[in-house]
>>> print(open('protein08.cif').read())   # mmCIF, C-alpha atoms
data_my_file
loop_
_atom_site.group_PDB
_atom_site.id
_atom_site.type_symbol
_atom_site.label_atom_id
_atom_site.label_comp_id
_atom_site.auth_asym_id
_atom_site.auth_seq_id
_atom_site.Cartn_x
_atom_site.Cartn_y
_atom_site.Cartn_z
ATOM 1 C CA MET A 1 112.716 81.138 119.109
ATOM 2 C CA PHE A 2 112.752 84.411 121.105
ATOM 3 C CA ASP A 3 109.118 83.769 122.126
ATOM 4 C CA ASN A 4 109.881 84.794 125.704
ATOM 5 C CA LEU A 5 111.065 88.280 124.757
ATOM 6 C CA LYS A 6 108.569 90.781 126.124
ATOM 7 C CA HIS A 7 109.819 93.972 124.479
ATOM 8 C CA GLN A 8 109.580 93.280 120.754
ATOM 9 C CA LYS A 9 108.774 95.197 117.591
ATOM 10 C CA LEU A 10 107.757 98.570 118.997
ATOM 11 C CA LYS A 11 106.716 100.576 115.953
ATOM 12 C CA ASP A 12 108.256 103.967 115.152
ATOM 13 C CA PHE A 13 110.769 103.636 117.984
ATOM 14 C CA GLU A 14 113.341 106.399 118.269
ATOM 15 C CA ILE A 15 115.750 107.839 120.824
ATOM 16 C CA ASN A 16 115.939 111.622 121.059
ATOM 17 C CA ILE A 17 119.087 112.954 122.695
ATOM 18 C CA LYS A 18 119.861 116.657 122.488
ATOM 19 C CA ASP A 19 117.451 116.850 119.526
ATOM 20 C CA ILE A 20 119.422 114.207 117.581
ATOM 21 C CA ILE A 21 117.455 111.090 116.640
ATOM 22 C CA ILE A 22 118.791 107.543 116.862
ATOM 23 C CA SER A 23 116.485 105.027 115.210
ATOM 24 C CA ARG A 24 116.111 102.390 112.510
ATOM 25 C CA ASP A 25 115.585 105.216 110.010
ATOM 26 C CA THR A 26 118.771 107.102 110.855
ATOM 27 C CA PHE A 27 122.478 106.265 110.751
ATOM 28 C CA THR A 28 124.578 107.225 113.774
ATOM 29 C CA LEU A 29 128.340 107.608 113.527
ATOM 30 C CA ILE A 30 130.327 107.577 116.780
ATOM 31 C CA ALA A 31 134.086 108.132 116.681
ATOM 32 C CA GLY A 32 136.904 109.013 119.021
ATOM 33 C CA PRO A 33 139.801 107.592 121.012
ATOM 34 C CA CYS A 34 139.847 104.281 122.828
ATOM 35 C CA THR A 35 140.701 106.061 126.037
ATOM 36 C CA VAL A 36 140.936 109.622 127.309
ATOM 37 C CA GLU A 37 144.623 110.428 127.797
ATOM 38 C CA ASN A 38 144.429 114.177 128.466
ATOM 39 C CA TYR A 39 142.085 117.104 127.928
ATOM 40 C CA GLU A 40 144.009 118.802 125.111
ATOM 41 C CA ASP A 41 144.172 115.726 122.857
ATOM 42 C CA LEU A 42 140.517 114.882 123.479
ATOM 43 C CA LEU A 43 139.402 118.404 122.596
ATOM 44 C CA SER A 44 141.530 118.360 119.437
ATOM 45 C CA ILE A 45 140.072 115.026 118.303
ATOM 46 C CA VAL A 46 136.464 115.954 119.038
ATOM 47 C CA SER A 47 136.810 119.355 117.375
ATOM 48 C CA GLN A 48 138.043 117.648 114.202
ATOM 49 C CA LEU A 49 135.197 115.130 114.330
ATOM 50 C CA LYS A 50 132.729 118.007 114.595
ATOM 51 C CA LYS A 51 134.262 119.658 111.515
ATOM 52 C CA MET A 52 133.628 116.381 109.673
ATOM 53 C CA GLY A 53 129.928 116.567 110.544
ATOM 54 C CA ILE A 54 129.988 113.918 113.258
ATOM 55 C CA LYS A 55 127.755 114.542 116.272
ATOM 56 C CA PHE A 56 128.799 111.743 118.665
ATOM 57 C CA PHE A 57 132.187 111.070 120.226
ATOM 58 C CA ARG A 58 133.471 108.185 122.312
ATOM 59 C CA GLY A 59 136.239 108.016 124.884
ATOM 60 C CA GLY A 60 137.034 105.698 127.773
ATOM 61 C CA ALA A 61 137.443 107.072 131.299
ATOM 62 C CA TYR A 62 137.305 103.653 132.964
ATOM 63 C CA LYS A 63 138.967 100.798 131.083
ATOM 64 C CA MET A 64 138.510 97.068 131.631
ATOM 65 C CA ARG A 65 141.868 95.597 130.651
ATOM 66 C CA THR A 66 142.817 91.937 130.512
ATOM 67 C CA SER A 67 146.140 92.651 132.186
ATOM 68 C CA PRO A 68 146.145 94.462 135.554
ATOM 69 C CA TYR A 69 149.407 96.130 134.453
ATOM 70 C CA ASP A 70 147.841 97.952 131.500
ATOM 71 C CA PHE A 71 146.474 101.501 131.655
ATOM 72 C CA GLN A 72 143.124 101.462 133.449
ATOM 73 C CA GLY A 73 141.921 104.923 132.431
ATOM 74 C CA LEU A 74 141.878 108.356 134.078
ATOM 75 C CA GLU A 75 138.618 107.467 135.857
ATOM 76 C CA ARG A 76 136.979 110.524 137.500
ATOM 77 C CA LYS A 77 139.373 112.968 135.826
ATOM 78 C CA GLY A 78 138.554 111.374 132.477
ATOM 79 C CA LEU A 79 134.845 111.884 133.113
ATOM 80 C CA GLU A 80 135.478 115.543 133.834
ATOM 81 C CA TYR A 81 137.402 115.926 130.580
ATOM 82 C CA LEU A 82 134.626 114.217 128.613
ATOM 83 C CA LYS A 83 131.981 116.473 130.150
ATOM 84 C CA LYS A 84 134.045 119.595 129.563
ATOM 85 C CA VAL A 85 134.671 118.729 125.908
ATOM 86 C CA SER A 86 131.015 117.827 125.365
ATOM 87 C CA ASP A 87 129.889 121.141 126.840
ATOM 88 C CA LYS A 88 132.443 123.109 124.825
ATOM 89 C CA THR A 89 131.735 121.474 121.455
ATOM 90 C CA GLY A 90 128.053 120.575 121.793
ATOM 91 C CA MET A 91 128.920 117.002 120.823
ATOM 92 C CA ILE A 92 127.179 113.998 122.398
ATOM 93 C CA SER A 93 129.464 111.887 124.584
ATOM 94 C CA VAL A 94 129.661 108.090 124.839
ATOM 95 C CA SER A 95 131.701 106.286 127.489
ATOM 96 C CA GLU A 96 131.808 102.856 129.081
ATOM 97 C CA ILE A 97 130.534 102.106 132.551
ATOM 98 C CA VAL A 98 132.286 99.215 134.283
ATOM 99 C CA SER A 99 130.647 99.107 137.712
ATOM 100 C CA SER A 100 127.125 99.474 139.088
ATOM 101 C CA GLU A 101 128.603 101.695 141.805
ATOM 102 C CA ASP A 102 129.450 104.326 139.193
ATOM 103 C CA VAL A 103 126.033 104.666 137.512
ATOM 104 C CA LYS A 104 125.094 107.925 139.187
ATOM 105 C CA ILE A 105 128.374 109.758 138.651
ATOM 106 C CA ILE A 106 128.811 108.613 135.054
ATOM 107 C CA ALA A 107 125.185 109.424 134.181
ATOM 108 C CA GLU A 108 125.839 112.960 135.417
ATOM 109 C CA HIS A 109 128.882 113.400 133.165
ATOM 110 C CA ILE A 110 128.154 111.293 130.067
ATOM 111 C CA ASP A 111 125.255 111.466 127.598
ATOM 112 C CA ILE A 112 125.196 107.811 126.473
ATOM 113 C CA LEU A 113 126.494 105.032 128.709
ATOM 114 C CA GLN A 114 128.105 101.980 127.123
ATOM 115 C CA VAL A 115 128.068 98.480 128.573
ATOM 116 C CA GLY A 116 131.079 96.532 127.372
ATOM 117 C CA THR A 117 131.249 92.916 126.310
ATOM 118 C CA ARG A 118 132.452 91.718 129.726
ATOM 119 C CA ASN A 119 129.499 93.319 131.496
ATOM 120 C CA MET A 120 126.684 92.167 129.216
ATOM 121 C CA ASN A 121 125.674 89.616 131.861
ATOM 122 C CA ASN A 122 126.171 91.947 134.827
ATOM 123 C CA TYR A 123 122.472 92.002 135.654
ATOM 124 C CA ARG A 124 122.808 94.231 138.719
ATOM 125 C CA LEU A 125 124.441 96.853 136.498
ATOM 126 C CA LEU A 126 121.811 96.410 133.775
ATOM 127 C CA HIS A 127 119.011 96.829 136.321
ATOM 128 C CA LYS A 128 120.535 100.076 137.583
ATOM 129 C CA LEU A 129 120.872 101.352 134.020
ATOM 130 C CA GLY A 130 117.148 100.730 133.658
ATOM 131 C CA LYS A 131 116.537 103.383 136.308
ATOM 132 C CA ILE A 132 118.289 106.274 134.558
ATOM 133 C CA THR A 133 117.212 108.421 131.612
ATOM 134 C CA ASN A 134 120.483 108.275 129.639
ATOM 135 C CA PRO A 135 120.446 106.050 126.551
ATOM 136 C CA VAL A 136 122.508 102.858 126.896
ATOM 137 C CA ILE A 137 124.650 101.112 124.285
ATOM 138 C CA LEU A 138 124.720 97.378 125.084
ATOM 139 C CA LYS A 139 127.585 95.502 123.488
ATOM 140 C CA ARG A 140 127.171 91.823 122.703
ATOM 141 C CA GLY A 141 129.079 89.469 124.974
ATOM 142 C CA MET A 142 132.114 87.980 123.279
ATOM 143 C CA SER A 143 130.666 84.457 123.542
ATOM 144 C CA SER A 144 126.965 85.282 123.708
ATOM 145 C CA THR A 145 124.183 84.146 121.424
ATOM 146 C CA ILE A 146 121.823 86.684 119.894
ATOM 147 C CA GLU A 147 119.086 85.468 122.225
ATOM 148 C CA GLU A 148 121.266 86.010 125.306
ATOM 149 C CA TRP A 149 122.168 89.479 124.026
ATOM 150 C CA LEU A 150 118.511 90.414 123.574
ATOM 151 C CA PHE A 151 117.592 89.098 127.010
ATOM 152 C CA ALA A 152 120.360 91.269 128.481
ATOM 153 C CA ALA A 153 118.705 94.235 126.788
ATOM 154 C CA GLU A 154 115.406 93.163 128.327
ATOM 155 C CA HIS A 155 116.897 93.633 131.790
ATOM 156 C CA ILE A 156 117.378 97.333 131.027
ATOM 157 C CA LEU A 157 114.036 97.719 129.262
ATOM 158 C CA GLU A 158 112.059 95.912 131.947
ATOM 159 C CA ALA A 159 113.672 98.057 134.651
ATOM 160 C CA GLY A 160 112.264 101.157 132.966
ATOM 161 C CA ASN A 161 114.755 102.572 130.450
ATOM 162 C CA PRO A 162 113.454 102.163 126.869
ATOM 163 C CA ASP A 163 116.451 103.841 125.212
ATOM 164 C CA VAL A 164 118.716 100.907 124.421
ATOM 165 C CA ILE A 165 121.053 100.603 121.428
ATOM 166 C CA LEU A 166 122.567 97.219 120.583
ATOM 167 C CA CYS A 167 126.189 97.006 119.457
ATOM 168 C CA GLU A 168 127.637 94.010 117.650
ATOM 169 C CA ARG A 169 131.384 94.054 118.407
ATOM 170 C CA GLY A 170 132.447 90.653 117.205
ATOM 171 C CA ILE A 171 132.286 87.265 118.897
ATOM 172 C CA ARG A 172 135.053 84.921 119.984
ATOM 173 C CA THR A 173 135.594 82.040 117.560
ATOM 174 C CA PHE A 174 138.451 79.706 116.651
ATOM 175 C CA GLU A 175 139.833 82.303 114.199
ATOM 176 C CA THR A 176 142.994 84.090 115.358
ATOM 177 C CA TYR A 177 143.748 86.344 112.368
ATOM 178 C CA THR A 178 141.337 88.938 113.734
ATOM 179 C CA ARG A 179 140.757 89.962 117.339
ATOM 180 C CA ASN A 180 137.168 88.693 117.123
ATOM 181 C CA THR A 181 134.826 87.604 114.331
ATOM 182 C CA LEU A 182 132.323 90.244 113.228
ATOM 183 C CA ASP A 183 128.860 88.689 112.977
ATOM 184 C CA ILE A 184 127.277 90.687 110.148
ATOM 185 C CA SER A 185 124.304 88.297 110.162
ATOM 186 C CA ALA A 186 123.393 89.624 113.611
ATOM 187 C CA ILE A 187 122.110 92.818 111.976
ATOM 188 C CA PRO A 188 119.202 91.306 110.013
ATOM 189 C CA ALA A 189 118.679 88.668 112.710
ATOM 190 C CA VAL A 190 118.100 91.238 115.449
ATOM 191 C CA LYS A 191 116.004 93.430 113.193
ATOM 192 C CA SER A 192 113.648 90.517 112.545
ATOM 193 C CA VAL A 193 112.775 90.099 116.232
ATOM 194 C CA SER A 194 113.495 93.425 117.952
ATOM 195 C CA HIS A 195 112.787 97.129 117.444
ATOM 196 C CA LEU A 196 116.110 98.247 118.946
ATOM 197 C CA PRO A 197 118.717 100.007 116.760
ATOM 198 C CA VAL A 198 121.802 97.920 115.949
ATOM 199 C CA ILE A 199 125.208 99.515 115.489
ATOM 200 C CA ILE A 200 128.540 97.894 114.617
ATOM 201 C CA ASP A 201 131.972 98.284 116.214
ATOM 202 C CA PRO A 202 134.477 97.342 113.479
ATOM 203 C CA SER A 203 137.432 98.316 115.674
ATOM 204 C CA HIS A 204 137.030 95.708 118.408
ATOM 205 C CA SER A 205 135.639 93.081 116.060
ATOM 206 C CA SER A 206 138.719 93.063 113.838
ATOM 207 C CA GLY A 207 141.501 94.522 115.968
ATOM 208 C CA ARG A 208 143.102 95.512 112.675
ATOM 209 C CA ARG A 209 143.274 99.032 111.265
ATOM 210 C CA ASP A 210 143.507 97.798 107.675
ATOM 211 C CA MET A 211 140.094 96.102 107.938
ATOM 212 C CA ILE A 212 138.054 98.941 109.459
ATOM 213 C CA LYS A 213 136.982 100.502 106.167
ATOM 214 C CA SER A 214 135.748 97.313 104.528
ATOM 215 C CA LEU A 215 133.925 96.148 107.657
ATOM 216 C CA SER A 216 132.305 99.574 108.057
ATOM 217 C CA TRP A 217 131.017 99.532 104.487
ATOM 218 C CA ALA A 218 129.832 95.952 104.909
ATOM 219 C CA ALA A 219 127.900 96.947 108.033
ATOM 220 C CA MET A 220 126.257 99.855 106.207
ATOM 221 C CA ALA A 221 125.311 97.596 103.306
ATOM 222 C CA ALA A 222 123.826 95.016 105.701
ATOM 223 C CA GLY A 223 121.485 97.615 107.193
ATOM 224 C CA ALA A 224 123.288 98.609 110.397
ATOM 225 C CA ASP A 225 121.950 101.698 112.138
ATOM 226 C CA GLY A 226 125.357 103.095 112.965
ATOM 227 C CA LEU A 227 129.073 102.609 113.556
ATOM 228 C CA MET A 228 131.383 103.157 116.502
ATOM 229 C CA ILE A 229 134.984 103.585 115.350
ATOM 230 C CA GLU A 230 138.141 104.226 117.353
ATOM 231 C CA THR A 231 139.758 107.331 115.863
ATOM 232 C CA HIS A 232 142.801 109.433 116.799
ATOM 233 C CA PHE A 233 145.015 112.033 115.100
ATOM 234 C CA SER A 234 148.038 109.818 115.798
ATOM 235 C CA PRO A 235 146.872 106.183 116.127
ATOM 236 C CA ASP A 236 150.324 104.675 116.622
ATOM 237 C CA SER A 237 151.007 106.849 119.655
ATOM 238 C CA THR A 238 147.869 105.962 121.617
ATOM 239 C CA ILE A 239 148.156 104.246 124.995
ATOM 240 C CA CYS A 240 145.873 101.326 124.119
ATOM 241 C CA ASP A 241 144.398 99.619 121.048
ATOM 242 C CA SER A 242 146.569 101.575 118.633
ATOM 243 C CA GLU A 243 146.556 98.716 116.115
ATOM 244 C CA GLN A 244 142.788 99.046 115.642
ATOM 245 C CA THR A 245 142.578 102.844 115.754
ATOM 246 C CA ILE A 246 142.281 104.810 112.499
ATOM 247 C CA ASP A 247 143.222 108.384 111.604
ATOM 248 C CA PHE A 248 141.009 111.127 110.197
ATOM 249 C CA THR A 249 142.041 110.383 106.609
ATOM 250 C CA MET A 250 140.660 106.858 106.785
ATOM 251 C CA LEU A 251 137.581 108.062 108.640
ATOM 252 C CA ALA A 252 136.923 110.500 105.791
ATOM 253 C CA GLU A 253 137.268 107.629 103.298
ATOM 254 C CA ILE A 254 134.707 105.626 105.262
ATOM 255 C CA ILE A 255 132.292 108.560 105.362
ATOM 256 C CA GLN A 256 132.628 109.486 101.674
ATOM 257 C CA PRO A 257 130.138 106.898 100.267
ATOM 258 C CA MET A 258 128.092 106.673 103.455
ATOM 259 C CA GLU A 259 124.977 108.525 102.349
ATOM 260 C CA LYS A 260 124.813 106.528 99.122
ATOM 261 C CA ILE A 261 125.119 103.173 100.898
ATOM 262 C CA ILE A 262 122.663 103.875 103.711
ATOM 263 C CA SER A 263 120.162 105.283 101.215
ATOM 264 C CA LEU A 264 119.734 101.690 100.005
ATOM 265 C CA TRP A 265 117.887 101.176 103.291
ATOM 266 C CA GLY A 266 116.077 104.521 103.193
ATOM 267 C CA LYS A 267 118.209 105.874 106.040
ATOM 268 C CA LYS A 268 119.446 109.393 106.621
ATOM 269 C CA LEU A 269 122.382 110.558 108.693
ATOM 270 C CA GLY A 270 121.526 111.158 112.343
#
>>> encode(input="protein08.cif", output="structure tokens")
Amino acid sequence: MFDNLKHQKLKDFEINIKDIIISRDTFTLIAGPCTVENYEDLLSIVSQLKKMGIKFFRGGAYKMRTSPYDFQGLERKGLEYLKKVSDKTGMISVSEIVSSEDVKIIAEHIDILQVGTRNMNNYRLLHKLGKITNPVILKRGMSSTIEEWLFAAEHILEAGNPDVILCERGIRTFETYTRNTLDISAIPAVKSVSHLPVIIDPSHSSGRRDMIKSLSWAAMAAGADGLMIETHFSPDSTICDSEQTIDFTMLAEIIQPMEKIISLWGKKLG
């Protein structure tokens, strides 16, 4: 199994972005709102995250929504806000790219580009992302096998960009209690066949605020290399995904035992 993967088990692999290391030996915490709503709120959220010792923030400028009537993001204006906040705070930005046409403009504004679950098999987009120098977070397709996920990563790697981070965000199963089903087993499975860092998104995998803490701790204990958590100062007032967004109090609770848990794997905070 996985015999056809070309890019496997590169020793001592690490991604250096703004002198911060992402690797199998570090733990990366990314937090922030589902979507950018305005500059003032984004700056307030990111400033608080920085005070908590977090170095990476997320925020959506372009949103892929199931319903065409839902908020689709601020688009170019959102990118400008993300860039402005990143420059002001020194924090590293993460945002989703939804179209191959936008690679150049988003790469100019955002530090780490994220490929969402719906675009994991968008091979034209993946090929273009292989031609830039920004790191790429590749989310697992909602119905994709681990092998398909890794081959999607190979499209980026083979095109020339070695800086790929895998993100397990839950897969679609018959269960309806949660938004998706978090596949914790994907962490050791991927680590056995690939050198790429694996982070977990407990927000989209559960869709439930009350489960974020336990899933985050479970991911740490299973050897994940990081977390990406939707966070806002007022989760219930957010435009989208409010039910899976946590506040700073819960984020602090998640962080509190972090160093102790990740030390079981010999990791240090990135």
>>> atom_distance(input="protein08.cif", atom1="CA of Ile146 (chain A)", atom2="CA of Thr35 (chain A)")
27.7 Å
>>> resolve_selection(input="protein08.cif", expression="the PyMOL selection byres ((chain A and resi 134) around 12)", output="PyMOL selection string")
chain A and resi 15-18+92-95+103-104+106-114+128-133+135-137+156+160-165
>>> atom_distance(input="protein08.cif", atom1="CA of Arg124 (chain A)", atom2="CA of Leu166 (chain A)")
18.4 Å
>>> closest_atom_pairs(input="protein08.cif", of="region 111-159 of chain A", to="region 169-180 of chain A", cutoff="7 Å", atoms="all atoms listed in the file", output="tab-separated table")
residue	atom	partner	partner_atom	distance
A:Lys139	CA	A:Arg169	CA	6.5
A:Arg140	CA	A:Arg169	CA	6.4
A:Met142	CA	A:Ile171	CA	4.4
A:Ser143	CA	A:Ile171	CA	5.7
>>> residues_near_point(input="protein08.cif", point="(133.8, 120.8, 124.3)", cutoff="12 Å", atoms="all atoms listed in the file", output="JSON, numbers by chain")
{"A": [39, 40, 41, 42, 43, 44, 45, 46, 47, 48, 49, 50, 55, 56, 57, 80, 81, 82, 83, 84, 85, 86, 87, 88, 89, 90, 91, 92, 93]}
>>> residues_around(input="protein08.cif", residues="Ala252 (chain A)", least_positions_apart="3", cutoff="12 Å", atoms="all atoms listed in the file", output="ChimeraX atom specification")
/A:29,31,48-49,51-54,213,229,231,246-249,255-258
>>> atom_distance(input="protein08.cif", atom1="CA of Trp265 (chain A)", atom2="CA of Ser214 (chain A)")
18.3 Å
>>> residues_near_point(input="protein08.cif", point="(115.4, 103.5, 101.4)", cutoff="12 Å", atoms="all atoms listed in the file", output="list in words")
Arg24, Asp25, Thr26, Ala221, Gly223, Glu259, Lys260, Ile261, Ile262, Ser263, Leu264, Trp265, Gly266, Lys267 and Lys268 of chain A
>>> closest_residue(input="protein08.cif", among="A:Glu147, A:Asp241, A:Asp201, A:Glu75", to="Ala224 (chain A)", atoms="all atoms listed in the file")
A:Asp201
>>> resolve_selection(input="protein08.cif", expression="the PyMOL selection byres ((chain A and resi 226) around 6)", output="JSON, numbers by chain")
{"A": [27, 28, 29, 199, 224, 225, 227]}
>>> closest_residue(input="protein08.cif", among="A:Ser100, A:Lys191, A:Glu168, A:Leu251", to="Ser206 (chain A)", atoms="all atoms listed in the file")
A:Glu168
>>> closest_residue(input="protein08.cif", among="A:Ala159, A:Ile200, A:Met120, A:Ala152", to="Met220 (chain A)", atoms="only C-alpha atoms")
A:Ile200
>>> resolve_selection(input="protein08.cif", expression="the PyMOL selection byres ((chain A and resi 238) around 12)", output="PyMOL selection string")
chain A and resi 32-38+41-42+71+230-237+239-247
>>> closest_residue(input="protein08.cif", among="A:Met228, A:Asp19, A:Met250, A:Leu196", to="Met211 (chain A)", atoms="only C-alpha atoms")
A:Met250
>>> closest_residue(input="protein08.cif", among="A:Val190, A:Gly60, A:Asp183, A:His127", to="Glu148 (chain A)", atoms="only C-alpha atoms")
A:Val190
>>> build_atoms(input="protein08.cif", residues="region 179-193 of chain A", atoms="N, CA and C atoms", output="PDB file, in the coordinates of the input")
ATOM      1  N   ARG A 179     140.944  89.951 115.884  1.00  0.00           N
ATOM      2  CA  ARG A 179     140.757  89.962 117.339  1.00  0.00           C
ATOM      3  C   ARG A 179     139.500  89.190 117.725  1.00  0.00           C
ATOM      4  N   ASN A 180     138.423  89.426 116.985  1.00  0.00           N
ATOM      5  CA  ASN A 180     137.168  88.693 117.123  1.00  0.00           C
ATOM      6  C   ASN A 180     136.623  88.442 115.722  1.00  0.00           C
ATOM      7  N   THR A 181     135.454  87.837 115.629  1.00  0.00           N
ATOM      8  CA  THR A 181     134.826  87.604 114.331  1.00  0.00           C
ATOM      9  C   THR A 181     133.543  88.420 114.262  1.00  0.00           C
ATOM     10  N   LEU A 182     133.502  89.395 113.357  1.00  0.00           N
ATOM     11  CA  LEU A 182     132.323  90.244 113.228  1.00  0.00           C
ATOM     12  C   LEU A 182     131.158  89.435 112.666  1.00  0.00           C
ATOM     13  N   ASP A 183     130.053  89.426 113.393  1.00  0.00           N
ATOM     14  CA  ASP A 183     128.860  88.689 112.977  1.00  0.00           C
ATOM     15  C   ASP A 183     127.908  89.637 112.249  1.00  0.00           C
ATOM     16  N   ILE A 184     128.127  89.807 110.958  1.00  0.00           N
ATOM     17  CA  ILE A 184     127.277  90.687 110.148  1.00  0.00           C
ATOM     18  C   ILE A 184     125.837  90.187 110.135  1.00  0.00           C
ATOM     19  N   SER A 185     125.655  88.868 110.206  1.00  0.00           N
ATOM     20  CA  SER A 185     124.304  88.297 110.162  1.00  0.00           C
ATOM     21  C   SER A 185     123.472  88.703 111.369  1.00  0.00           C
ATOM     22  N   ALA A 186     124.129  89.186 112.433  1.00  0.00           N
ATOM     23  CA  ALA A 186     123.393  89.624 113.611  1.00  0.00           C
ATOM     24  C   ALA A 186     122.513  90.836 113.309  1.00  0.00           C
ATOM     25  N   ILE A 187     122.893  91.622 112.305  1.00  0.00           N
ATOM     26  CA  ILE A 187     122.110  92.818 111.976  1.00  0.00           C
ATOM     27  C   ILE A 187     120.704  92.441 111.505  1.00  0.00           C
ATOM     28  N   PRO A 188     120.564  91.670 110.418  1.00  0.00           N
ATOM     29  CA  PRO A 188     119.202  91.306 110.013  1.00  0.00           C
ATOM     30  C   PRO A 188     118.508  90.385 111.007  1.00  0.00           C
ATOM     31  N   ALA A 189     119.286  89.574 111.730  1.00  0.00           N
ATOM     32  CA  ALA A 189     118.679  88.668 112.710  1.00  0.00           C
ATOM     33  C   ALA A 189     117.983  89.454 113.819  1.00  0.00           C
ATOM     34  N   VAL A 190     118.683  90.425 114.383  1.00  0.00           N
ATOM     35  CA  VAL A 190     118.100  91.238 115.449  1.00  0.00           C
ATOM     36  C   VAL A 190     116.928  92.052 114.934  1.00  0.00           C
ATOM     37  N   LYS A 191     117.068  92.597 113.745  1.00  0.00           N
ATOM     38  CA  LYS A 191     116.004  93.430 113.193  1.00  0.00           C
ATOM     39  C   LYS A 191     114.716  92.640 112.943  1.00  0.00           C
ATOM     40  N   SER A 192     114.835  91.328 112.800  1.00  0.00           N
ATOM     41  CA  SER A 192     113.648  90.517 112.545  1.00  0.00           C
ATOM     42  C   SER A 192     112.834  90.247 113.809  1.00  0.00           C
ATOM     43  N   VAL A 193     113.469  90.440 114.981  1.00  0.00           N
ATOM     44  CA  VAL A 193     112.775  90.099 116.232  1.00  0.00           C
ATOM     45  C   VAL A 193     112.728  91.241 117.249  1.00  0.00           C
TER      46      VAL A 193
END
